[in-house]
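S.K.: This is the structure, below, for whatever I ask next.
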Amino acid sequence: MSKPFEDPVVPASPEVLQGLDRWRTLPVLQQPTWEDPAEAQRAADELRGMPPLVFAGEIDQLRTRLASAAEGRAFVLQGGDCAETFAAATADRIRARVKTILQMAVVLTYGASVPVVKMGRMAGQFAKPRSSDLETRDGVTLPAYRGDIVNGFDFTPESRAHDPQRLVRGYHTAASTLNLIRAFTQGGFADLREVHSWNRGFAANPANQRYEGLARDIDRAVKFMEAAGADFDELTRVEFYTAHEGLLMEYERAMTRIDSRNGTPVDTSGHFVWIGERTRQLDGAHVDFFSRIRNPIGVKVGPSMTPDELERLVDLLDPDREPGRLTLITRMGAGRIRDVLPPLLEAAKSFAGTPLWITDPMHGNGITTPSGYKTRRFDDVVDEVQGFFAAHREAGTFPGGMNVELTGDDVTECLGGSEHIDEADLATRYESLCDPRLNHMQSLELAFLVAEELAAR
Ligand code: PEP
Ligand code: MN
């Protein structure tokens, strides 16, 4: 008879457990105001009893992948919505987004000649920070939309009320999204040959002629691998990680569990969580909480960040300078990145260990059209990525990846690209409830352009 399962279980120490709730004693920004705190407590308790969404072993594996990227031996591609919605968590939409990321990853892998770490800003990107608690339309003032996990987008008092049941629905939506992601990325959909054939379709479009040469080179590489007997069974599966902004403290706390192998806390709401520009106060709740979990974490870094502030942040979030632990996601704006980023990179060399630097070429490049659409120019996005590479060349550090707001659908939210989306087109299909996303074509085009840049290094 086989021996019963008897791995030792290591409990968390009382200090570790207490530490996980210390954030409750600190200033905490951007949280909902539930009308009935007892109901919110019941929802959080319900979440605490739910199975984890991701597992500690996967989280550790991601950390080693990110450590490679920090040293220039891999490149990270992170993509997804600014605000995921419950309504858009359908098979078609999820498939389109996963497909877009996989297609981009193949092109980038070829360009960079290193593995691409694939991450969806998916299965948890439901909470949004807002600049104002309230929104006024035609003289009517209601609570601002804070993401589907807090309230609804419809401009009615019922929909805009903060509803704790949405915490539970957020969990279930994340679970079904992740289930489909796992099926797609493990069950044959991610087959390299298939993904490459989708890319051939992109390059065959007359609008994308410029990329035909690169697509042909990749074609030859795939054929060569096949001829040389590469194990294509292995290439039907890919590692795919999930990420979101860890904003809603009750949700992240409820999803944080103790890894029984070593007694350390792991936030099982996603593999990678990051702290926003508006919640990264050194003495605030978010920094304290996320400093105590073992996941790799990211921090958004805008142009106002000083070397001194960055050093203190690194001391709090990555005191041991552990490879892969900390990702710095820069969002400087195309016009400023070449001036602002190099001195920060230079300064960080002396205190930050080897953090992973990723570009977010979206958030520094927002504009509003005269007709009132929040948009971004494709060319600015490309320019910021190029500025990111230039800054790292100058500082002698590694440009480790990029994070893009994208969708797999043919929306018209960002201007430009080979389809020449112009201001008049924005009204055709503008669906984002928050920031404008690159559509399927624009995302692929960005991947081809970045691949050229990577290949030229
Ligand atoms: C985001 O990252 O999508 C976002 C909206 O960021 P911030 O609110 O920090 O600008
Ligand atoms: Mn955004």
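Identifiers for the structure tokens are assigned positionally: chains receive A, B, ... in sequence, residues are indexed from 1 per chain, and ligands are indexed from 1 in the order shown.
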Where does chain A meet ligand 1 within 7 Å, residue by residue, with the nearest atom pair and distance in Å to one decimal for each, counting only C-alpha atoms and all ligand atoms, listed by chain and rising number, as JSON lines?
M.R.:
{"residue": "A:Cys82", "atom": "CA", "partner": "ligand 1", "partner_atom_place_in_ligand_line": "3 (O)", "distance": 4.4}
{"residue": "A:Lys128", "atom": "CA", "partner": "ligand 1", "partner_atom_place_in_ligand_line": "5 (C)", "distance": 6.5}
{"residue": "A:Pro129", "atom": "CA", "partner": "ligand 1", "partner_atom_place_in_ligand_line": "8 (O)", "distance": 5.2}
{"residue": "A:Arg130", "atom": "CA", "partner": "ligand 1", "partner_atom_place_in_ligand_line": "8 (O)", "distance": 6.6}
{"residue": "A:Gly276", "atom": "CA", "partner": "ligand 1", "partner_atom_place_in_ligand_line": "9 (O)", "distance": 4.6}
{"residue": "A:Glu277", "atom": "CA", "partner": "ligand 1", "partner_atom_place_in_ligand_line": "9 (O)", "distance": 4.5}
{"residue": "A:Arg278", "atom": "CA", "partner": "ligand 1", "partner_atom_place_in_ligand_line": "9 (O)", "distance": 5.7}
{"residue": "A:Lys300", "atom": "CA", "partner": "ligand 1", "partner_atom_place_in_ligand_line": "9 (O)", "distance": 7.0}
{"residue": "A:His363", "atom": "CA", "partner": "ligand 1", "partner_atom_place_in_ligand_line": "10 (O)", "distance": 6.2}
{"residue": "A:Asp435", "atom": "CA", "partner": "ligand 1", "partner_atom_place_in_ligand_line": "5 (C)", "distance": 6.7}
S.K.: Would you export the selected residues with N, CA, C and O atoms as a PDB file, in the first residue's frame, please?
M.R.:
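Here's the written file part-v4.pdb:
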ATOM      1  N   CYS A  82      -7.653  48.013 -19.963  1.00  0.00           N
ATOM      2  CA  CYS A  82      -7.490  48.946 -18.847  1.00  0.00           C
ATOM      3  C   CYS A  82      -8.444  48.521 -17.739  1.00  0.00           C
ATOM      4  O   CYS A  82      -8.060  48.445 -16.576  1.00  0.00           O
ATOM      5  N   LYS A 128     -10.587  50.012 -10.676  1.00  0.00           N
ATOM      6  CA  LYS A 128      -9.874  51.162 -11.230  1.00  0.00           C
ATOM      7  C   LYS A 128      -9.754  52.291 -10.217  1.00  0.00           C
ATOM      8  O   LYS A 128     -10.727  52.637  -9.546  1.00  0.00           O
ATOM      9  N   PRO A 129      -8.557  52.898 -10.146  1.00  0.00           N
ATOM     10  CA  PRO A 129      -8.423  54.114  -9.342  1.00  0.00           C
ATOM     11  C   PRO A 129      -9.054  55.281 -10.103  1.00  0.00           C
ATOM     12  O   PRO A 129      -9.033  55.296 -11.329  1.00  0.00           O
ATOM     13  N   ARG A 130      -9.616  56.221  -9.403  1.00  0.00           N
ATOM     14  CA  ARG A 130     -10.254  57.373 -10.067  1.00  0.00           C
ATOM     15  C   ARG A 130      -9.733  58.670  -9.471  1.00  0.00           C
ATOM     16  O   ARG A 130      -9.383  58.730  -8.295  1.00  0.00           O
ATOM     17  N   GLY A 276      -0.407  50.832  -8.120  1.00  0.00           N
ATOM     18  CA  GLY A 276      -0.600  51.951  -9.040  1.00  0.00           C
ATOM     19  C   GLY A 276       0.172  53.190  -8.624  1.00  0.00           C
ATOM     20  O   GLY A 276       0.667  53.316  -7.500  1.00  0.00           O
ATOM     21  N   GLU A 277       0.242  54.095  -9.573  1.00  0.00           N
ATOM     22  CA  GLU A 277       0.903  55.375  -9.350  1.00  0.00           C
ATOM     23  C   GLU A 277       0.214  56.145  -8.207  1.00  0.00           C
ATOM     24  O   GLU A 277       0.843  56.875  -7.463  1.00  0.00           O
ATOM     25  N   ARG A 278      -1.105  55.916  -8.077  1.00  0.00           N
ATOM     26  CA  ARG A 278      -1.851  56.704  -7.083  1.00  0.00           C
ATOM     27  C   ARG A 278      -1.938  56.028  -5.713  1.00  0.00           C
ATOM     28  O   ARG A 278      -2.521  56.565  -4.785  1.00  0.00           O
ATOM     29  N   LYS A 300       4.086  51.143 -10.798  1.00  0.00           N
ATOM     30  CA  LYS A 300       4.070  52.106 -11.893  1.00  0.00           C
ATOM     31  C   LYS A 300       4.962  53.292 -11.527  1.00  0.00           C
ATOM     32  O   LYS A 300       4.892  53.807 -10.415  1.00  0.00           O
ATOM     33  N   HIS A 363       0.220  55.070 -20.861  1.00  0.00           N
ATOM     34  CA  HIS A 363      -0.372  56.014 -19.908  1.00  0.00           C
ATOM     35  C   HIS A 363       0.228  57.399 -19.902  1.00  0.00           C
ATOM     36  O   HIS A 363      -0.373  58.325 -19.371  1.00  0.00           O
ATOM     37  N   ASP A 435      -9.487  53.428 -20.245  1.00  0.00           N
ATOM     38  CA  ASP A 435      -8.542  53.989 -21.223  1.00  0.00           C
ATOM     39  C   ASP A 435      -8.673  53.308 -22.586  1.00  0.00           C
ATOM     40  O   ASP A 435      -9.062  52.148 -22.678  1.00  0.00           O
TER      41      ASP A 435
END
S.K.: Sorted by chain and rising residue number, which residues of chain A lie within 12 Å of ligand 2, and what are their closest atom pairs and distances in Å to one decimal, counting only C-alpha atoms and all ligand atoms, as CSV?
M.R.:
residue,atom,partner,partner_atom_place_in_ligand_line,distance
A:Gly79,CA,ligand 2,1 (Mn),11.1
A:Gly80,CA,ligand 2,1 (Mn),9.6
A:Asp81,CA,ligand 2,1 (Mn),7.5
A:Cys82,CA,ligand 2,1 (Mn),4.1
A:Ala83,CA,ligand 2,1 (Mn),7.2
A:Glu84,CA,ligand 2,1 (Mn),10.5
A:Arg121,CA,ligand 2,1 (Mn),10.7
A:Gln125,CA,ligand 2,1 (Mn),10.2
A:Phe126,CA,ligand 2,1 (Mn),11.5
A:Ala127,CA,ligand 2,1 (Mn),10.9
A:Lys128,CA,ligand 2,1 (Mn),8.4
A:Pro129,CA,ligand 2,1 (Mn),9.5
A:Arg130,CA,ligand 2,1 (Mn),10.7
A:Gly147,CA,ligand 2,1 (Mn),11.6
A:His244,CA,ligand 2,1 (Mn),11.1
A:Glu245,CA,ligand 2,1 (Mn),10.1
A:Gly276,CA,ligand 2,1 (Mn),10.3
A:Glu277,CA,ligand 2,1 (Mn),11.2
A:Lys300,CA,ligand 2,1 (Mn),11.3
A:Arg331,CA,ligand 2,1 (Mn),10.9
A:Asp360,CA,ligand 2,1 (Mn),9.7
A:Pro361,CA,ligand 2,1 (Mn),10.7
A:Met362,CA,ligand 2,1 (Mn),7.6
A:His363,CA,ligand 2,1 (Mn),6.4
A:Gly364,CA,ligand 2,1 (Mn),10.1
A:Asn365,CA,ligand 2,1 (Mn),10.8
A:Gly366,CA,ligand 2,1 (Mn),9.6
A:Lys374,CA,ligand 2,1 (Mn),10.9
A:Thr375,CA,ligand 2,1 (Mn),11.0
A:Arg376,CA,ligand 2,1 (Mn),11.2
A:Asn403,CA,ligand 2,1 (Mn),10.6
A:Val404,CA,ligand 2,1 (Mn),9.1
A:Glu405,CA,ligand 2,1 (Mn),6.8
A:Leu406,CA,ligand 2,1 (Mn),10.0
A:Ser432,CA,ligand 2,1 (Mn),9.9
A:Leu433,CA,ligand 2,1 (Mn),9.9
A:Cys434,CA,ligand 2,1 (Mn),6.6
A:Asp435,CA,ligand 2,1 (Mn),4.8
A:Pro436,CA,ligand 2,1 (Mn),7.6
A:Arg437,CA,ligand 2,1 (Mn),8.4
A:Leu438,CA,ligand 2,1 (Mn),11.5
S.K.: Could you turn the residues from that selection into a file that holds C-alpha atoms, as a compact mmCIF listing (two decimals), in the first residue's frame?
M.R.:
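Generated file (out35.txt):
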# COMPACT_ATOMS: atom_id res chain seq x y z
CA GLY A 79 -1.26 43.00 -22.40
CA GLY A 80 -4.93 43.42 -21.70
CA ASP A 81 -7.73 45.81 -20.91
CA CYS A 82 -7.49 48.95 -18.85
CA ALA A 83 -10.68 47.77 -17.15
CA GLU A 84 -11.94 44.24 -17.69
CA ARG A 121 -3.66 41.77 -17.78
CA GLN A 125 -8.28 43.68 -13.80
CA PHE A 126 -11.66 44.75 -12.44
CA ALA A 127 -10.87 47.66 -10.09
CA LYS A 128 -9.87 51.16 -11.23
CA PRO A 129 -8.42 54.11 -9.34
CA ARG A 130 -10.25 57.37 -10.07
CA GLY A 147 -14.58 49.04 -12.07
CA HIS A 244 -3.75 42.97 -12.51
CA GLU A 245 -3.46 46.09 -10.43
CA GLY A 276 -0.60 51.95 -9.04
CA GLU A 277 0.90 55.37 -9.35
CA LYS A 300 4.07 52.11 -11.89
CA ARG A 331 5.17 55.54 -18.12
CA ASP A 360 4.11 51.10 -20.37
CA PRO A 361 3.93 53.26 -23.51
CA MET A 362 0.23 53.98 -23.05
CA HIS A 363 -0.37 56.01 -19.91
CA GLY A 364 1.97 58.90 -20.59
CA ASN A 365 0.42 59.50 -24.00
CA GLY A 366 -3.25 60.15 -23.39
CA LYS A 374 -9.95 59.83 -24.63
CA THR A 375 -7.45 58.44 -27.09
CA ARG A 376 -3.77 57.83 -27.84
CA ASN A 403 2.93 46.39 -21.00
CA VAL A 404 0.22 47.44 -23.44
CA GLU A 405 -3.47 48.13 -23.12
CA LEU A 406 -4.93 46.07 -25.91
CA SER A 432 -13.49 50.81 -23.46
CA LEU A 433 -15.01 51.87 -20.16
CA CYS A 434 -11.70 53.36 -19.14
CA ASP A 435 -8.54 53.99 -21.22
CA PRO A 436 -8.32 53.48 -25.01
CA ARG A 437 -6.76 50.20 -26.15
CA LEU A 438 -4.79 49.18 -29.21
S.K.: Pick the closest to Phe272 in chain A from A:Ala334, A:Leu180, A:Ile59, A:Val385: which is it, counting only C-alpha atoms?
M.R.: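 Among A:Ala334, A:Leu180, A:Ile59, A:Val385, it is A:Ile59 that comes nearest to Phe272 in chain A.
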S.K.: Please provide the set of residues having any atom within 10 Å of Arg65 in chain A, restricted to only C-alpha atoms, with same-chain residues fewer than 2 positions apart removed, written as JSON, numbers by chain.
M.R.: {"A": [59, 60, 61, 62, 63, 67, 68, 69, 70, 73, 74, 75, 76, 115, 116, 117, 323, 324]}
S.K.: How close does each residue of range 22-126 of chain A get to range 282-293 of chain A, giving the shortest atom pair and distance in Å to one decimal for every residue with an atom at most 12 Å away, counting only C-alpha atoms, sorted by chain and residue number, as a tab-separated table?
M.R.:
residue	atom	partner	partner_atom	distance
A:Arg22	CA	A:Phe289	CA	7.4
A:Trp23	CA	A:Ala285	CA	4.3
A:Arg24	CA	A:Ala285	CA	7.0
A:Thr25	CA	A:Ala285	CA	7.8
A:Leu26	CA	A:Ala285	CA	5.2
A:Pro27	CA	A:Gly284	CA	5.3
A:Val28	CA	A:Ala285	CA	5.0
A:Leu29	CA	A:Ala285	CA	7.9
A:Gln30	CA	A:His286	CA	10.2
A:Gln31	CA	A:Ala285	CA	10.8
A:Ala56	CA	A:Ile293	CA	10.9
A:Ile59	CA	A:Ile293	CA	11.0
A:Asp60	CA	A:Ile293	CA	11.8
S.K.: Write out the residues from the selection above, keeping C-alpha atoms, as an mmCIF file, in the first residue's frame.
M.R.:
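For reference, out-v6.cif as written:
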data_model
loop_
_atom_site.group_PDB
_atom_site.id
_atom_site.type_symbol
_atom_site.label_atom_id
_atom_site.label_comp_id
_atom_site.auth_asym_id
_atom_site.auth_seq_id
_atom_site.Cartn_x
_atom_site.Cartn_y
_atom_site.Cartn_z
ATOM 1 C CA ARG A 22 -1.417 45.870 9.320
ATOM 2 C CA TRP A 23 -2.625 47.800 6.254
ATOM 3 C CA ARG A 24 -5.919 48.282 8.083
ATOM 4 C CA THR A 25 -4.166 50.682 10.439
ATOM 5 C CA LEU A 26 -2.634 52.766 7.615
ATOM 6 C CA PRO A 27 -4.021 55.361 5.199
ATOM 7 C CA VAL A 28 -5.718 53.443 2.380
ATOM 8 C CA LEU A 29 -6.691 55.218 -0.840
ATOM 9 C CA GLN A 30 -9.062 54.390 -3.694
ATOM 10 C CA GLN A 31 -11.291 51.960 -1.770
ATOM 11 C CA ALA A 56 2.363 29.234 -5.301
ATOM 12 C CA ILE A 59 4.150 32.257 -8.885
ATOM 13 C CA ASP A 60 7.661 31.084 -8.042
#
S.K.: Find the residues near Glu419 in chain A: any atom within 10 Å, counting only C-alpha atoms, skip ones fewer than 4 places away on the same chain, and give them as a ChimeraX atom specification.
M.R.: /A:207-208,415,441-442
S.K.: Could you take the residues named above and write them with N, CA, C and O atoms, as a PDB file, in the first residue's frame?
M.R.:
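part-v8.pdb was written with the following content:
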ATOM      1  N   ALA A 207      -2.100  46.519 -46.381  1.00  0.00           N
ATOM      2  CA  ALA A 207      -1.764  47.628 -45.486  1.00  0.00           C
ATOM      3  C   ALA A 207      -0.496  47.331 -44.681  1.00  0.00           C
ATOM      4  O   ALA A 207       0.163  48.236 -44.175  1.00  0.00           O
ATOM      5  N   ASN A 208      -0.173  46.045 -44.563  1.00  0.00           N
ATOM      6  CA  ASN A 208       0.959  45.668 -43.707  1.00  0.00           C
ATOM      7  C   ASN A 208       2.151  45.135 -44.486  1.00  0.00           C
ATOM      8  O   ASN A 208       2.982  44.410 -43.941  1.00  0.00           O
ATOM      9  N   LEU A 415      -5.653  56.247 -32.197  1.00  0.00           N
ATOM     10  CA  LEU A 415      -5.498  56.832 -33.535  1.00  0.00           C
ATOM     11  C   LEU A 415      -4.283  56.262 -34.253  1.00  0.00           C
ATOM     12  O   LEU A 415      -3.252  56.015 -33.631  1.00  0.00           O
ATOM     13  N   MET A 441      -5.113  44.727 -34.863  1.00  0.00           N
ATOM     14  CA  MET A 441      -4.117  45.089 -35.894  1.00  0.00           C
ATOM     15  C   MET A 441      -3.022  45.984 -35.330  1.00  0.00           C
ATOM     16  O   MET A 441      -1.834  45.800 -35.612  1.00  0.00           O
ATOM     17  N   GLN A 442      -3.434  46.973 -34.571  1.00  0.00           N
ATOM     18  CA  GLN A 442      -2.436  47.894 -34.004  1.00  0.00           C
ATOM     19  C   GLN A 442      -1.481  47.150 -33.068  1.00  0.00           C
ATOM     20  O   GLN A 442      -0.284  47.443 -33.028  1.00  0.00           O
TER      21      GLN A 442
END
S.K.: Using only C-alpha atoms, which residues sit within 7 Å of Glu311 in chain A once same-chain residues fewer than 3 positions away are excluded, as a PyMOL selection string?
M.R.: chain A and resi 307-308+314-315+351-352
S.K.: Can you write out the residues you just picked, keeping C-alpha atoms, as a short mmCIF file (atom, residue, chain, number, x, y, z; two decimals), in the first residue's frame?
M.R.:
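File produced: out11.cif:
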data_model
loop_
_atom_site.label_atom_id
_atom_site.label_comp_id
_atom_site.auth_asym_id
_atom_site.auth_seq_id
_atom_site.Cartn_x
_atom_site.Cartn_y
_atom_site.Cartn_z
CA PRO A 307 15.79 58.52 -7.31
CA ASP A 308 15.37 59.06 -3.57
CA VAL A 314 12.71 49.46 -3.39
CA ASP A 315 13.83 49.17 0.26
CA PHE A 351 20.73 50.82 -5.00
CA ALA A 352 18.12 48.70 -6.78
#
S.K.: Name the residues of range 25-213 of chain A that fall into strand (DSSP E or B) according to DSSP on the backbone, using the chain letters and numbers of this document, as a list of chain:residue names.
M.R.: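 Across range 25-213 of chain A, those assigned strand (DSSP E or B) are A:Phe75, A:Val76, A:Leu77, A:Gln78, A:Gly79, A:Gly80, A:Val116, A:Val117, A:Lys118, A:Met119, A:Gly120, A:Arg121, A:Leu134, A:Glu135, A:Thr136, A:Arg137, A:Val140, A:Thr141, A:Leu142, A:Pro143.
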S.K.: From a DSSP pass on the backbone, collect the residues of range 6-107 of chain A flagged as alpha helix (DSSP H) and hand them back as JSON, numbers by chain.
M.R.: {"A": [14, 15, 16, 17, 18, 19, 37, 38, 39, 40, 41, 42, 43, 44, 45, 46, 47, 48, 56, 57, 58, 59, 60, 61, 62, 63, 64, 65, 66, 67, 68, 69, 70, 91, 92, 93, 94, 95, 96, 97, 98, 99, 100, 101, 102, 103, 104, 105, 106, 107]}
S.K.: Find the residues near range 301-303 of chain A: any atom within 12 Å, counting only C-alpha atoms, skip ones fewer than 2 places away on the same chain, and give them as an NGL selection string.
M.R.: :A and (274-280 or 298-299 or 305-307 or 309-310 or 313-314 or 327-345 or 357-365)
S.K.: Range 389-409 of chain A near range 87-94 of chain A within 12 Å: what's each residue's closest atom pair and its distance in Å to one decimal, counting only C-alpha atoms, ordered by chain then ascending residue number, as a tab-separated table?
M.R.:
residue	atom	partner	partner_atom	distance
A:Leu406	CA	A:Arg93	CA	11.6
A:Thr407	CA	A:Arg93	CA	8.1
A:Gly408	CA	A:Arg93	CA	6.9
A:Asp409	CA	A:Arg93	CA	7.2
S.K.: Next, write the just-selected residues to a file, as a PDB file, in the first residue's frame, keeping C-alpha atoms as the atom set.
M.R.:
ATOM      1  CA  LEU A 406      -4.925  46.074 -25.910  1.00  0.00           C
ATOM      2  CA  THR A 407      -7.876  44.037 -27.024  1.00  0.00           C
ATOM      3  CA  GLY A 408      -8.207  41.328 -29.644  1.00  0.00           C
ATOM      4  CA  ASP A 409     -11.238  43.038 -31.153  1.00  0.00           C
TER       5      ASP A 409
END
S.K.: Which one is closest to Tyr145 in chain A: A:Ala391, A:Val238, A:Ala112, A:Ala161? Count only C-alpha atoms.
M.R.: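 Of A:Ala391, A:Val238, A:Ala112, A:Ala161, the one nearest Tyr145 in chain A is A:Ala161, counting only C-alpha atoms.
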S.K.: With a distance cut-off of 7 Å and only C-alpha atoms, select the neighbouring residues of Val382 in chain A, excluding the residue or stretch itself and same-chain residues fewer than 4 positions from it, and output the selection as a PDB file with N, CA, C and O atoms, in the first residue's frame.
M.R.:
ATOM      1  N   PHE A 378      -1.047  56.002 -32.031  1.00  0.00           N
ATOM      2  CA  PHE A 378      -0.193  54.829 -32.218  1.00  0.00           C
ATOM      3  C   PHE A 378       1.274  55.245 -32.320  1.00  0.00           C
ATOM      4  O   PHE A 378       2.156  54.626 -31.722  1.00  0.00           O
ATOM      5  N   GLN A 386      10.458  53.173 -28.369  1.00  0.00           N
ATOM      6  CA  GLN A 386      11.804  53.435 -28.903  1.00  0.00           C
ATOM      7  C   GLN A 386      12.643  54.250 -27.918  1.00  0.00           C
ATOM      8  O   GLN A 386      13.833  53.991 -27.728  1.00  0.00           O
ATOM      9  N   LEU A 446       2.505  46.892 -33.603  1.00  0.00           N
ATOM     10  CA  LEU A 446       3.461  47.282 -32.566  1.00  0.00           C
ATOM     11  C   LEU A 446       4.485  46.169 -32.343  1.00  0.00           C
ATOM     12  O   LEU A 446       5.685  46.416 -32.228  1.00  0.00           O
TER      13      LEU A 446
END
S.K.: Report the distance between CA of Tyr171 in chain A and CA of Asn262 in chain A in Å, rounded to one decimal place.
M.R.: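 Pair CA of Tyr171 in chain A / CA of Asn262 in chain A returns 25.7 Å.
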S.K.: Quick one, how far is CA of Pro157 in chain A from CA of Leu142 in chain A?
M.R.: 6.5 Å
S.K.: What does the distance from CA of Tyr430 in chain A to CA of Asp410 in chain A come to in Å, to one decimal?
M.R.: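 Going from CA of Tyr430 in chain A over to CA of Asp410 in chain A covers 9.6 Å.
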S.K.: A:Ala215, A:Ala455, A:Val266, A:Val222: which is nearest Ala12 in chain A, counting only C-alpha atoms?
M.R.: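 Of A:Ala215, A:Ala455, A:Val266, A:Val222, the one nearest Ala12 in chain A, counting only C-alpha atoms, is A:Val266.
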S.K.: Pick the closest to Gly353 in chain A from A:Gly188, A:Pro319, A:Gly387, A:Gly396: which is it, counting only C-alpha atoms?
M.R.: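 Closest candidate: A:Pro319.
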